[in-house]
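With CSV, C-alpha atoms and all ligand atoms inside, this is structure.csv:
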```
chain,number,residue,atom,x,y,z
A,1,TYR,CA,-17.9,-15.6,-7.4
A,2,ILE,CA,-16.8,-13.9,-10.5
A,3,GLN,CA,-16.8,-15.5,-13.9
A,4,ASP,CA,-14.2,-15.6,-16.7
A,5,ALA,CA,-15.2,-15.1,-20.3
A,6,ALA,CA,-16.2,-18.8,-20.6
A,7,GLY,CA,-18.3,-18.6,-17.5
A,8,LYS,CA,-15.9,-20.5,-15.2
A,9,THR,CA,-16.0,-19.3,-11.7
A,10,ILE,CA,-13.3,-17.9,-9.5
A,11,THR,CA,-14.1,-17.8,-5.8
A,12,VAL,CA,-13.3,-14.4,-4.1
A,13,HIS,CA,-14.5,-12.5,-1.1
A,14,ASN,CA,-16.2,-9.2,-1.3
A,15,VAL,CA,-15.1,-7.3,1.8
A,16,ASP,CA,-16.6,-3.8,2.2
A,17,GLY,CA,-17.1,-3.4,-1.6
A,18,ARG,CA,-13.7,-4.8,-2.8
A,19,LEU,CA,-12.6,-8.2,-4.0
A,20,TYR,CA,-10.0,-10.2,-2.2
A,21,PRO,CA,-8.8,-13.8,-1.9
A,22,THR,CA,-10.8,-16.0,0.5
A,23,PHE,CA,-8.8,-14.9,3.5
A,24,ASN,CA,-10.5,-14.1,6.8
A,25,PRO,CA,-12.3,-10.8,6.2
A,26,ASP,CA,-11.5,-9.7,9.7
A,27,PHE,CA,-7.7,-10.0,8.9
A,28,ILE,CA,-8.2,-8.0,5.7
A,29,ARG,CA,-10.2,-5.3,7.6
A,30,GLY,CA,-7.6,-5.4,10.4
A,31,VAL,CA,-4.8,-4.2,8.2
A,32,SER,CA,-6.0,-0.6,8.6
A,33,SER,CA,-5.8,-0.7,12.4
A,34,LEU,CA,-2.5,-2.5,12.7
A,35,GLN,CA,-0.2,-0.9,15.3
A,36,LEU,CA,3.1,-0.2,13.7
A,37,ARG,CA,6.5,-0.2,15.4
A,38,ASP,CA,8.8,2.7,14.7
A,39,ASP,CA,11.2,0.6,12.6
A,40,ASP,CA,8.6,-1.3,10.6
A,41,VAL,CA,9.0,-1.1,6.8
A,42,ILE,CA,5.8,-1.5,4.7
A,43,LEU,CA,6.1,-3.4,1.4
A,44,CYS,CA,3.2,-2.6,-0.9
A,45,SER,CA,2.5,-4.3,-4.2
A,46,PHE,CA,-0.2,-5.6,-6.5
A,47,PRO,CA,-0.1,-9.4,-6.4
A,48,LYS,CA,2.6,-11.0,-8.6
A,49,SER,CA,4.8,-7.9,-8.8
A,50,GLY,CA,7.9,-9.4,-7.1
A,51,THR,CA,6.8,-9.2,-3.5
A,52,HIS,CA,8.7,-12.3,-2.3
A,53,TRP,CA,11.8,-11.2,-4.1
A,54,SER,CA,11.9,-7.6,-2.8
A,55,PHE,CA,10.9,-8.8,0.7
A,56,GLU,CA,13.9,-11.1,0.8
A,57,ILE,CA,16.3,-8.4,-0.4
A,58,CYS,CA,15.0,-5.9,2.2
A,59,ARG,CA,15.2,-8.6,4.9
A,60,LEU,CA,18.8,-9.3,4.2
A,61,LEU,CA,19.7,-5.6,3.9
A,62,LEU,CA,18.1,-4.8,7.2
A,63,ASN,CA,19.7,-7.8,9.0
A,64,GLY,CA,23.1,-7.2,7.4
A,65,ARG,CA,24.0,-10.8,7.0
A,66,LEU,CA,23.0,-13.8,4.9
A,67,ASP,CA,23.1,-16.5,7.6
A,68,ILE,CA,19.8,-15.7,9.3
A,69,ASP,CA,16.8,-17.9,9.7
A,70,ILE,CA,14.7,-18.5,6.6
A,71,LYS,CA,11.5,-16.5,7.0
A,72,PRO,CA,9.2,-16.4,4.0
A,73,LYS,CA,7.3,-13.1,3.4
A,74,GLY,CA,4.1,-14.9,4.3
A,75,CYS,CA,5.0,-14.5,8.0
A,76,LEU,CA,4.4,-10.8,7.7
A,77,PHE,CA,1.7,-10.9,5.0
A,78,ALA,CA,-0.8,-8.6,6.8
A,79,ASP,CA,-3.9,-9.5,4.6
A,80,TRP,CA,-3.5,-13.1,5.6
A,81,ARG,CA,-2.3,-13.1,9.2
A,82,PRO,CA,-4.0,-11.8,12.4
A,83,GLU,CA,-2.2,-8.9,14.2
A,84,SER,CA,-1.3,-11.2,17.1
A,85,GLU,CA,0.9,-13.3,14.7
A,86,LEU,CA,2.5,-10.3,13.1
A,87,ASN,CA,3.4,-9.2,16.6
A,88,GLU,CA,5.3,-12.4,17.3
A,89,VAL,CA,7.8,-11.5,14.6
A,90,ASP,CA,10.9,-9.7,15.8
A,91,SER,CA,11.9,-6.3,14.5
A,92,PRO,CA,12.7,-5.1,12.0
A,93,ARG,CA,9.5,-6.2,10.4
A,94,ILE,CA,8.6,-5.9,6.7
A,95,ILE,CA,4.9,-5.8,6.8
A,96,ASN,CA,3.6,-6.6,3.3
A,97,THR,CA,0.2,-6.1,1.9
A,98,HIS,CA,-1.7,-5.8,-1.4
A,99,VAL,CA,-4.5,-3.6,0.0
A,100,ARG,CA,-5.2,-0.2,-1.6
A,101,PHE,CA,-3.6,2.8,-0.1
A,102,ASP,CA,-6.7,3.9,1.8
A,103,ARG,CA,-6.7,0.6,3.7
A,104,LEU,CA,-3.1,0.7,4.8
A,105,PRO,CA,-2.6,1.0,8.6
A,106,SER,CA,-3.7,4.5,9.7
A,107,ASP,CA,-0.4,4.6,11.6
A,108,VAL,CA,1.2,5.2,8.1
A,109,GLU,CA,-0.1,8.8,8.3
A,110,THR,CA,1.3,9.5,11.7
A,111,LYS,CA,4.4,7.4,12.0
A,112,LYS,CA,5.4,7.8,8.4
A,113,PRO,CA,7.2,4.4,8.1
A,114,LYS,CA,9.4,3.7,5.1
A,115,ILE,CA,7.3,2.3,2.3
A,116,VAL,CA,8.7,0.2,-0.5
A,117,TYR,CA,6.4,0.0,-3.5
A,118,ILE,CA,7.2,-2.6,-6.2
A,119,ARG,CA,5.4,-2.7,-9.5
A,120,ARG,CA,5.7,-4.9,-12.6
A,121,ASN,CA,4.6,-4.7,-16.3
A,122,PRO,CA,1.0,-5.9,-16.6
A,123,LYS,CA,1.6,-8.4,-19.3
A,124,ASP,CA,4.0,-10.6,-17.3
A,125,LEU,CA,1.8,-9.8,-14.2
A,126,VAL,CA,-1.4,-11.2,-15.8
A,127,VAL,CA,0.4,-14.4,-16.9
A,128,SER,CA,1.8,-14.8,-13.4
A,129,PHE,CA,-1.6,-14.1,-11.8
A,130,TYR,CA,-3.3,-16.6,-14.0
A,131,HIS,CA,-1.0,-19.4,-12.9
A,132,HIS,CA,-1.3,-18.2,-9.3
A,133,ILE,CA,-5.1,-18.2,-9.3
A,134,ARG,CA,-5.3,-21.6,-10.9
A,135,LYS,CA,-2.9,-23.1,-8.3
A,136,ILE,CA,-4.2,-21.5,-5.1
A,137,GLU,CA,-7.0,-23.8,-4.0
A,138,GLY,CA,-9.2,-21.1,-2.5
A,139,TYR,CA,-9.9,-19.7,-5.9
A,140,HIS,CA,-11.3,-23.0,-7.3
A,141,TYR,CA,-10.4,-22.0,-10.8
A,142,ASP,CA,-9.4,-24.1,-13.8
A,143,GLY,CA,-10.1,-21.8,-16.8
A,144,ASP,CA,-8.0,-21.0,-19.9
A,145,PHE,CA,-5.7,-18.0,-20.2
A,146,LYS,CA,-7.7,-16.6,-23.1
A,147,ASP,CA,-10.8,-16.5,-20.9
A,148,PHE,CA,-8.9,-15.1,-17.9
A,149,LEU,CA,-7.2,-12.3,-19.8
A,150,PRO,CA,-10.4,-10.2,-20.3
A,151,LEU,CA,-10.8,-10.0,-16.5
A,152,PHE,CA,-7.7,-7.9,-16.3
A,153,SER,CA,-9.5,-4.7,-17.2
A,154,ASN,CA,-11.7,-4.8,-14.1
A,155,GLY,CA,-9.6,-7.1,-12.0
A,156,VAL,CA,-10.1,-10.3,-10.1
A,157,SER,CA,-8.9,-10.5,-6.6
A,158,TYR,CA,-7.6,-7.1,-5.3
A,159,GLY,CA,-9.5,-5.4,-8.0
A,160,SER,CA,-8.1,-3.6,-11.0
A,161,TRP,CA,-4.3,-3.4,-11.5
A,162,PHE,CA,-4.8,-0.1,-13.4
A,163,ASP,CA,-6.6,1.4,-10.4
A,164,TYR,CA,-3.8,0.2,-8.2
A,165,VAL,CA,-0.9,1.6,-10.1
A,166,LEU,CA,-2.6,4.9,-11.0
A,167,GLU,CA,-3.5,5.4,-7.4
A,168,TRP,CA,0.2,4.9,-6.3
A,169,GLU,CA,1.3,7.3,-9.0
A,170,ARG,CA,-0.9,10.0,-7.6
A,171,ILE,CA,0.1,9.2,-4.0
A,172,ILE,CA,3.8,9.5,-4.8
A,173,ALA,CA,3.3,12.7,-6.7
A,174,ASN,CA,1.1,14.3,-4.0
A,175,ASN,CA,2.5,13.1,-0.7
A,176,GLN,CA,6.0,14.3,-0.4
A,177,GLU,CA,5.9,14.0,3.3
A,178,LEU,CA,5.6,10.2,3.0
A,179,SER,CA,8.8,8.2,2.6
A,180,ILE,CA,8.2,5.9,-0.5
A,181,LEU,CA,10.6,4.1,-2.7
A,182,ASP,CA,9.2,3.1,-6.1
A,183,ILE,CA,10.9,0.1,-7.6
A,184,THR,CA,10.1,-2.2,-10.5
A,185,TYR,CA,10.5,-5.9,-11.1
A,186,GLU,CA,12.2,-5.2,-14.5
A,187,ASP,CA,14.8,-2.9,-13.1
A,188,LEU,CA,15.6,-5.4,-10.3
A,189,LYS,CA,16.1,-8.0,-13.0
A,190,GLU,CA,18.1,-5.8,-15.3
A,191,ASP,CA,20.5,-4.2,-12.8
A,192,PRO,CA,20.0,-5.9,-9.4
A,193,ILE,CA,23.1,-4.2,-7.8
A,194,LYS,CA,21.8,-0.7,-8.7
A,195,GLU,CA,18.4,-1.5,-7.2
A,196,ILE,CA,19.8,-3.3,-4.1
A,197,ARG,CA,21.9,-0.2,-3.5
A,198,ARG,CA,18.9,2.1,-3.9
A,199,LEU,CA,17.0,-0.1,-1.4
A,200,SER,CA,19.9,0.0,1.0
A,201,ASP,CA,20.2,3.8,0.8
A,202,PHE,CA,16.4,4.1,1.3
A,203,LEU,CA,16.3,1.8,4.3
A,204,GLY,CA,19.2,3.8,5.8
A,205,VAL,CA,21.5,0.8,6.4
A,206,GLN,CA,25.2,1.0,5.8
A,207,ARG,CA,26.1,-2.0,3.7
A,208,ASN,CA,29.0,-2.4,1.4
A,209,GLU,CA,29.2,-3.3,-2.3
A,210,ASP,CA,30.4,-6.8,-1.6
A,211,PHE,CA,27.3,-7.4,0.4
A,212,PHE,CA,25.2,-6.2,-2.5
A,213,GLU,CA,26.9,-8.7,-4.7
A,214,GLU,CA,26.2,-11.4,-2.1
A,215,ILE,CA,22.5,-10.5,-1.9
A,216,LYS,CA,22.3,-10.5,-5.7
A,217,GLU,CA,23.5,-14.1,-5.9
A,218,PHE,CA,21.6,-15.2,-2.9
A,219,CYS,CA,18.3,-13.8,-4.3
A,220,ASN,CA,18.6,-14.7,-7.9
A,221,PHE,CA,15.7,-16.7,-9.1
A,222,SER,CA,17.1,-20.2,-9.0
A,223,THR,CA,19.1,-19.8,-5.7
A,224,MET,CA,16.1,-18.2,-4.0
A,225,LYS,CA,13.8,-20.8,-5.4
A,226,ASP,CA,16.0,-23.5,-4.0
A,227,ARG,CA,16.4,-21.9,-0.6
A,228,PHE,CA,12.7,-21.6,-0.1
A,229,LYS,CA,11.9,-25.2,-1.1
A,230,ASP,CA,9.6,-26.6,1.6
A,231,LYS,CA,9.6,-23.4,3.5
A,232,MET,CA,6.5,-21.7,2.0
A,233,GLY,CA,4.0,-22.7,4.7
A,234,ILE,CA,1.2,-23.4,2.2
A,235,LYS,CA,0.6,-26.4,0.0
A,236,ASP,CA,2.3,-25.9,-3.4
A,237,GLY,CA,3.3,-22.4,-2.4
A,238,HIS,CA,6.8,-23.0,-3.7
A,239,ASP,CA,5.5,-23.6,-7.3
A,240,ILE,CA,3.2,-20.7,-7.1
A,241,PHE,CA,5.6,-18.1,-5.9
A,242,TYR,CA,8.6,-19.3,-7.8
A,243,ARG,CA,7.4,-20.1,-11.3
A,244,ARG,CA,9.6,-18.6,-14.2
A,245,GLY,CA,10.9,-15.4,-12.8
A,246,GLU,CA,11.5,-13.7,-16.1
A,247,VAL,CA,10.7,-10.5,-18.0
A,248,GLY,CA,8.9,-11.2,-21.3
A,249,ASP,CA,7.4,-14.6,-20.5
A,250,TRP,CA,4.1,-13.0,-21.6
A,251,LYS,CA,5.2,-13.6,-25.2
A,252,ASN,CA,4.7,-17.3,-24.7
A,253,TRP,CA,1.1,-16.7,-23.7
A,254,PHE,CA,-0.3,-13.8,-25.6
A,255,THR,CA,-1.5,-14.3,-29.2
A,256,VAL,CA,-1.0,-11.4,-31.6
A,257,ALA,CA,-4.7,-10.5,-31.3
A,258,GLN,CA,-4.6,-10.6,-27.5
A,259,ASN,CA,-1.6,-8.4,-27.5
A,260,GLU,CA,-3.3,-5.8,-29.7
A,261,TRP,CA,-6.4,-5.9,-27.5
A,262,PHE,CA,-4.2,-5.4,-24.4
A,263,ASP,CA,-2.2,-2.6,-25.9
A,264,GLN,CA,-5.5,-0.8,-26.7
A,265,LEU,CA,-6.8,-1.3,-23.2
A,266,TYR,CA,-3.5,-0.1,-21.8
A,267,ARG,CA,-3.5,3.1,-23.9
A,268,GLU,CA,-7.1,3.9,-22.8
A,269,LYS,CA,-6.6,3.2,-19.1
A,270,MET,CA,-3.1,4.8,-18.8
A,271,ALA,CA,-3.8,7.8,-21.1
A,272,ASP,CA,-3.2,10.3,-18.3
A,273,SER,CA,-0.3,8.4,-16.7
A,274,LYS,CA,3.4,9.1,-16.9
A,275,LEU,CA,4.3,5.6,-15.6
A,276,LYS,CA,6.7,3.6,-17.7
A,277,PHE,CA,7.0,-0.2,-17.7
A,278,LYS,CA,9.5,-2.3,-19.5
A,279,PHE,CA,7.8,-5.3,-21.3
A,280,THR,CA,11.1,-6.8,-22.4
A,281,LEU,CA,14.7,-6.4,-21.4
B,1,LIG,P1,6.3,-15.5,-12.5
B,1,LIG,O1,5.0,-16.2,-12.2
B,1,LIG,O2,6.3,-14.7,-13.7
B,1,LIG,O3,7.4,-16.5,-12.5
B,1,LIG,P2,5.0,-12.2,-5.9
B,1,LIG,O4,6.1,-12.6,-5.0
B,1,LIG,O5,4.6,-10.8,-5.9
B,1,LIG,O6,3.8,-13.2,-5.7
B,1,LIG,O7,5.4,-12.4,-7.4
B,1,LIG,C1,5.7,-13.7,-7.9
B,1,LIG,C2,6.5,-13.6,-9.2
B,1,LIG,O8,7.8,-13.2,-8.8
B,1,LIG,C3,6.6,-14.9,-9.9
B,1,LIG,O9,6.6,-14.5,-11.3
B,1,LIG,C4,7.9,-15.5,-9.4
B,1,LIG,O10,8.4,-16.5,-10.2
B,1,LIG,C5,8.7,-14.2,-9.4
B,1,LIG,N1,9.9,-14.3,-8.5
B,1,LIG,C6,10.0,-14.8,-7.2
B,1,LIG,N2,11.2,-14.8,-6.8
B,1,LIG,C7,12.0,-14.2,-7.7
B,1,LIG,C8,13.4,-13.9,-7.9
B,1,LIG,N3,14.2,-14.2,-6.9
B,1,LIG,N4,13.8,-13.4,-9.0
B,1,LIG,C9,12.9,-13.1,-10.0
B,1,LIG,N5,11.6,-13.4,-10.0
B,1,LIG,C10,11.1,-13.9,-8.8
```

How does this structure look as structure tokens?
Ligand code: A3P
Amino acid sequence: YIQDAAGKTITVHNVDGRLYPTFNPDFIRGVSSLQLRDDDVILCSFPKSGTHWSFEICRLLLNGRLDIDIKPKGCLFADWRPESELNEVDSPRIINTHVRFDRLPSDVETKKPKIVYIRRNPKDLVVSFYHHIRKIEGYHYDGDFKDFLPLFSNGVSYGSWFDYVLEWERIIANNQELSILDITYEDLKEDPIKEIRRLSDFLGVQRNEDFFEEIKEFCNFSTMKDRFKDKMGIKDGHDIFYRRGEVGDWKNWFTVAQNEWFDQLYREKMADSKLKFKFTL
């Protein structure tokens, strides 16, 4: 367990020194030994960064059409599924995970698959994570936002967001031989066509501008939410993974004092970082 500022507990698993949701520890450990196929794409994110959204865009781009079976990203969520189930999914697979870089499949070093990395501003992310953790039964949490927010500096499940994004910043700067596309939730929201085009170029698929427009419409928040109704595979998953879908919702949750506290924390933790995040559009 870990506790929020009011002493309310959140149930997590400690697996080899890191905190995770209460998934099977063997599946979490198994991520690092997954056997990759040559055409696998790896989608990496800290939870609540827009994983479902970017997964769906990549899936449509790779398939080249909209009228394919609905497959939620959970089918290829490596932290949660055994390798045998991931292997049942046809290529091209978009293996998605929230584990840290050093726990990615070791095949990443040798096969050098395409890696899509999506990140999101931490204020919206913590609000989204708060709702997520309250709704997912495994966490057994019913605390208040004001008591949850202080946990953000050290992290809850999957550890500290700061450590996660700072590590990726270093990886991208120092590993030119890896093939990584860095995208943000906010850019995807602000100019979806531009980001869908970047993803298409990165994935190396030849799709035209009309198709980008179609994907944009097909993946906008309300359309996508509607399409995935009853398809999430976990109880209440729909409400958890499709909540508001906005940039700046944090303003409805942060008090002035909380915002000042957060800005100070951000300045300290990100002092040596060049990363930029948009907190509003
Ligand atoms: P909110 O809780 O702020 O609404 P993840 O997929 O990484 O778990 O991230 C979930 C967040 O992405 C949720 O944020 C969810 O509403 C948002 N989201 C899901 N689909 C989206 C879409 N098509 N467009 C915009 N945001 C989306």

Name all residues at most 10 Å from segment 27-42 of chain A (count only C-alpha atoms; drop same-chain ones fewer than 2 positions away) and give them as number ranges by chain.
A: 15-16, 20-25, 44-45, 55, 58-59, 62, 76-84, 86-87, 91-99, 101-108, 111-117, 180, 203

Exercise answer, 6 Å around ligand LIG 1 (chain B) with all atoms listed in the file, as a ChimeraX atom specification:
/A:47-53,124,128,219-221,224,241-246

For atom CA of Arg134 of chain A and atom CA of Pro192 of chain A, determine how far apart the two atoms are, in Å to one decimal place.
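A separation of 29.8 Å between them.
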
Could you tell me which of A:Arg65, A:His140, A:Lys123, A:Lys231 comes closest to Asp263 of chain A if we count all atoms listed in the file?
A:Lys123

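When only C-alpha atoms are used to measure the gap to Ala5 of chain A, the shortest distance among A:Tyr266, A:Phe218, A:Phe148, A:Phe46 belongs to A:Phe148.
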
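With atom CA of Asp147 of chain A on one side and atom CA of Val12 of chain A on the other, the separation reads 17.1 Å.
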
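When all atoms listed in the file are used to measure the gap to Asp272 of chain A, the shortest distance among A:Asp187, A:Glu169, A:Asp142, A:Glu88 belongs to A:Glu169.
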
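Distances to Phe254 of chain A were evaluated for A:Pro150, A:Asp182, A:His238, A:Tyr158 using only C-alpha atoms, and the minimum falls at A:Pro150.
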
So how far away is atom CA of Leu43 of chain A from atom CA of Glu85 of chain A, in Å?
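That distance, rounded to one decimal, is 17.4 Å.
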
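Among the candidates A:Thr11, A:Asn259, A:Lys229, A:Asp69, the residue lying nearest to Ile133 of chain A is A:Thr11 (atoms considered: all atoms listed in the file).
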
For a quick check of understanding, using only C-alpha atoms, which of A:Met232, A:Leu166, A:Leu60, A:Ala6 has the smallest distance to Cys75 of chain A?
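Looking only at the distances to Cys75 of chain A, the closest residue turns out to be A:Met232.
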
Give me the residues within 9 Å of Asp4 of chain A as a PyMOL selection string, counting only C-alpha atoms and dropping any in the same chain fewer than 3 places off.
chain A and resi 7-10+143-144+147-151

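By chain and then residue number, the residues within 12 Å of Asp191 of chain A are Ile183, Thr184, Tyr185, Glu186, Ile196, Arg197, Arg198, Phe212, Glu213, Lys216, Asn220 and Leu281 of chain A, counting only C-alpha atoms and disregarding those fewer than 5 positions away in sequence.
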
Kindly reconstruct segment 55-85 of chain A with N, CA and C atoms and present the result as a PDB file, keeping the file's coordinate frame.
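For reference, out09.pdb as written:
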```
ATOM      1  N   PHE A  55      10.915  -8.538  -0.771  1.00  0.00           N
ATOM      2  CA  PHE A  55      10.900  -8.800   0.700  1.00  0.00           C
ATOM      3  C   PHE A  55      12.190  -9.367   1.146  1.00  0.00           C
ATOM      4  N   GLU A  56      12.654 -10.366   0.413  1.00  0.00           N
ATOM      5  CA  GLU A  56      13.900 -11.100   0.800  1.00  0.00           C
ATOM      6  C   GLU A  56      15.093 -10.135   0.745  1.00  0.00           C
ATOM      7  N   ILE A  57      15.156  -9.337  -0.293  1.00  0.00           N
ATOM      8  CA  ILE A  57      16.300  -8.400  -0.400  1.00  0.00           C
ATOM      9  C   ILE A  57      16.252  -7.408   0.764  1.00  0.00           C
ATOM     10  N   CYS A  58      15.091  -6.876   1.060  1.00  0.00           N
ATOM     11  CA  CYS A  58      15.000  -5.900   2.200  1.00  0.00           C
ATOM     12  C   CYS A  58      15.344  -6.598   3.512  1.00  0.00           C
ATOM     13  N   ARG A  59      14.894  -7.821   3.674  1.00  0.00           N
ATOM     14  CA  ARG A  59      15.200  -8.600   4.900  1.00  0.00           C
ATOM     15  C   ARG A  59      16.660  -8.743   5.124  1.00  0.00           C
ATOM     16  N   LEU A  60      17.363  -9.103   4.058  1.00  0.00           N
ATOM     17  CA  LEU A  60      18.800  -9.300   4.200  1.00  0.00           C
ATOM     18  C   LEU A  60      19.513  -7.976   4.415  1.00  0.00           C
ATOM     19  N   LEU A  61      19.084  -6.944   3.718  1.00  0.00           N
ATOM     20  CA  LEU A  61      19.700  -5.600   3.900  1.00  0.00           C
ATOM     21  C   LEU A  61      19.512  -5.160   5.362  1.00  0.00           C
ATOM     22  N   LEU A  62      18.316  -5.326   5.888  1.00  0.00           N
ATOM     23  CA  LEU A  62      18.100  -4.800   7.200  1.00  0.00           C
ATOM     24  C   LEU A  62      18.863  -5.651   8.266  1.00  0.00           C
ATOM     25  N   ASN A  63      18.997  -6.943   8.007  1.00  0.00           N
ATOM     26  CA  ASN A  63      19.700  -7.800   9.000  1.00  0.00           C
ATOM     27  C   ASN A  63      21.234  -7.714   8.806  1.00  0.00           C
ATOM     28  N   GLY A  64      21.681  -7.362   7.611  1.00  0.00           N
ATOM     29  CA  GLY A  64      23.100  -7.200   7.400  1.00  0.00           C
ATOM     30  C   GLY A  64      23.918  -8.425   7.265  1.00  0.00           C
ATOM     31  N   ARG A  65      23.275  -9.583   7.194  1.00  0.00           N
ATOM     32  CA  ARG A  65      24.000 -10.800   7.000  1.00  0.00           C
ATOM     33  C   ARG A  65      23.104 -11.841   6.260  1.00  0.00           C
ATOM     34  N   LEU A  66      23.748 -12.844   5.666  1.00  0.00           N
ATOM     35  CA  LEU A  66      23.000 -13.800   4.900  1.00  0.00           C
ATOM     36  C   LEU A  66      22.552 -15.016   5.775  1.00  0.00           C
ATOM     37  N   ASP A  67      23.327 -15.285   6.829  1.00  0.00           N
ATOM     38  CA  ASP A  67      23.100 -16.500   7.600  1.00  0.00           C
ATOM     39  C   ASP A  67      22.047 -16.296   8.699  1.00  0.00           C
ATOM     40  N   ILE A  68      20.868 -15.832   8.290  1.00  0.00           N
ATOM     41  CA  ILE A  68      19.800 -15.700   9.300  1.00  0.00           C
ATOM     42  C   ILE A  68      18.720 -16.717   8.949  1.00  0.00           C
ATOM     43  N   ASP A  69      17.828 -16.952   9.900  1.00  0.00           N
ATOM     44  CA  ASP A  69      16.800 -17.900   9.700  1.00  0.00           C
ATOM     45  C   ASP A  69      15.982 -17.613   8.430  1.00  0.00           C
ATOM     46  N   ILE A  70      15.586 -18.667   7.707  1.00  0.00           N
ATOM     47  CA  ILE A  70      14.700 -18.500   6.600  1.00  0.00           C
ATOM     48  C   ILE A  70      13.333 -18.080   7.037  1.00  0.00           C
ATOM     49  N   LYS A  71      12.883 -16.941   6.596  1.00  0.00           N
ATOM     50  CA  LYS A  71      11.500 -16.500   7.000  1.00  0.00           C
ATOM     51  C   LYS A  71      10.820 -16.025   5.685  1.00  0.00           C
ATOM     52  N   PRO A  72       9.884 -16.830   5.160  1.00  0.00           N
ATOM     53  CA  PRO A  72       9.200 -16.400   4.000  1.00  0.00           C
ATOM     54  C   PRO A  72       8.343 -15.145   4.243  1.00  0.00           C
ATOM     55  N   LYS A  73       8.069 -14.388   3.220  1.00  0.00           N
ATOM     56  CA  LYS A  73       7.300 -13.100   3.400  1.00  0.00           C
ATOM     57  C   LYS A  73       5.949 -13.362   4.018  1.00  0.00           C
ATOM     58  N   GLY A  74       5.395 -14.585   3.811  1.00  0.00           N
ATOM     59  CA  GLY A  74       4.100 -14.900   4.300  1.00  0.00           C
ATOM     60  C   GLY A  74       3.938 -14.636   5.849  1.00  0.00           C
ATOM     61  N   CYS A  75       5.045 -14.750   6.585  1.00  0.00           N
ATOM     62  CA  CYS A  75       5.000 -14.500   8.000  1.00  0.00           C
ATOM     63  C   CYS A  75       4.524 -13.103   8.358  1.00  0.00           C
ATOM     64  N   LEU A  76       4.781 -12.192   7.415  1.00  0.00           N
ATOM     65  CA  LEU A  76       4.400 -10.800   7.700  1.00  0.00           C
ATOM     66  C   LEU A  76       3.441 -10.271   6.603  1.00  0.00           C
ATOM     67  N   PHE A  77       2.672 -11.218   6.039  1.00  0.00           N
ATOM     68  CA  PHE A  77       1.700 -10.900   5.000  1.00  0.00           C
ATOM     69  C   PHE A  77       0.394 -10.426   5.790  1.00  0.00           C
ATOM     70  N   ALA A  78       0.213  -9.128   5.893  1.00  0.00           N
ATOM     71  CA  ALA A  78      -0.800  -8.600   6.800  1.00  0.00           C
ATOM     72  C   ALA A  78      -2.232  -8.959   6.389  1.00  0.00           C
ATOM     73  N   ASP A  79      -2.487  -9.182   5.106  1.00  0.00           N
ATOM     74  CA  ASP A  79      -3.900  -9.500   4.600  1.00  0.00           C
ATOM     75  C   ASP A  79      -4.287 -10.877   5.094  1.00  0.00           C
ATOM     76  N   TRP A  80      -3.317 -11.686   5.441  1.00  0.00           N
ATOM     77  CA  TRP A  80      -3.500 -13.100   5.600  1.00  0.00           C
ATOM     78  C   TRP A  80      -3.351 -13.550   7.093  1.00  0.00           C
ATOM     79  N   ARG A  81      -2.703 -12.688   7.865  1.00  0.00           N
ATOM     80  CA  ARG A  81      -2.300 -13.100   9.200  1.00  0.00           C
ATOM     81  C   ARG A  81      -3.049 -12.136  10.235  1.00  0.00           C
ATOM     82  N   PRO A  82      -3.427 -12.684  11.380  1.00  0.00           N
ATOM     83  CA  PRO A  82      -4.000 -11.800  12.400  1.00  0.00           C
ATOM     84  C   PRO A  82      -2.845 -10.970  13.037  1.00  0.00           C
ATOM     85  N   GLU A  83      -3.208  -9.850  13.595  1.00  0.00           N
ATOM     86  CA  GLU A  83      -2.200  -8.900  14.200  1.00  0.00           C
ATOM     87  C   GLU A  83      -1.367  -9.648  15.230  1.00  0.00           C
ATOM     88  N   SER A  84      -2.016 -10.549  15.992  1.00  0.00           N
ATOM     89  CA  SER A  84      -1.300 -11.200  17.100  1.00  0.00           C
ATOM     90  C   SER A  84      -0.078 -11.996  16.511  1.00  0.00           C
ATOM     91  N   GLU A  85      -0.238 -12.591  15.325  1.00  0.00           N
ATOM     92  CA  GLU A  85       0.900 -13.300  14.700  1.00  0.00           C
ATOM     93  C   GLU A  85       1.954 -12.413  14.174  1.00  0.00           C
TER      94      GLU A  85
END
```
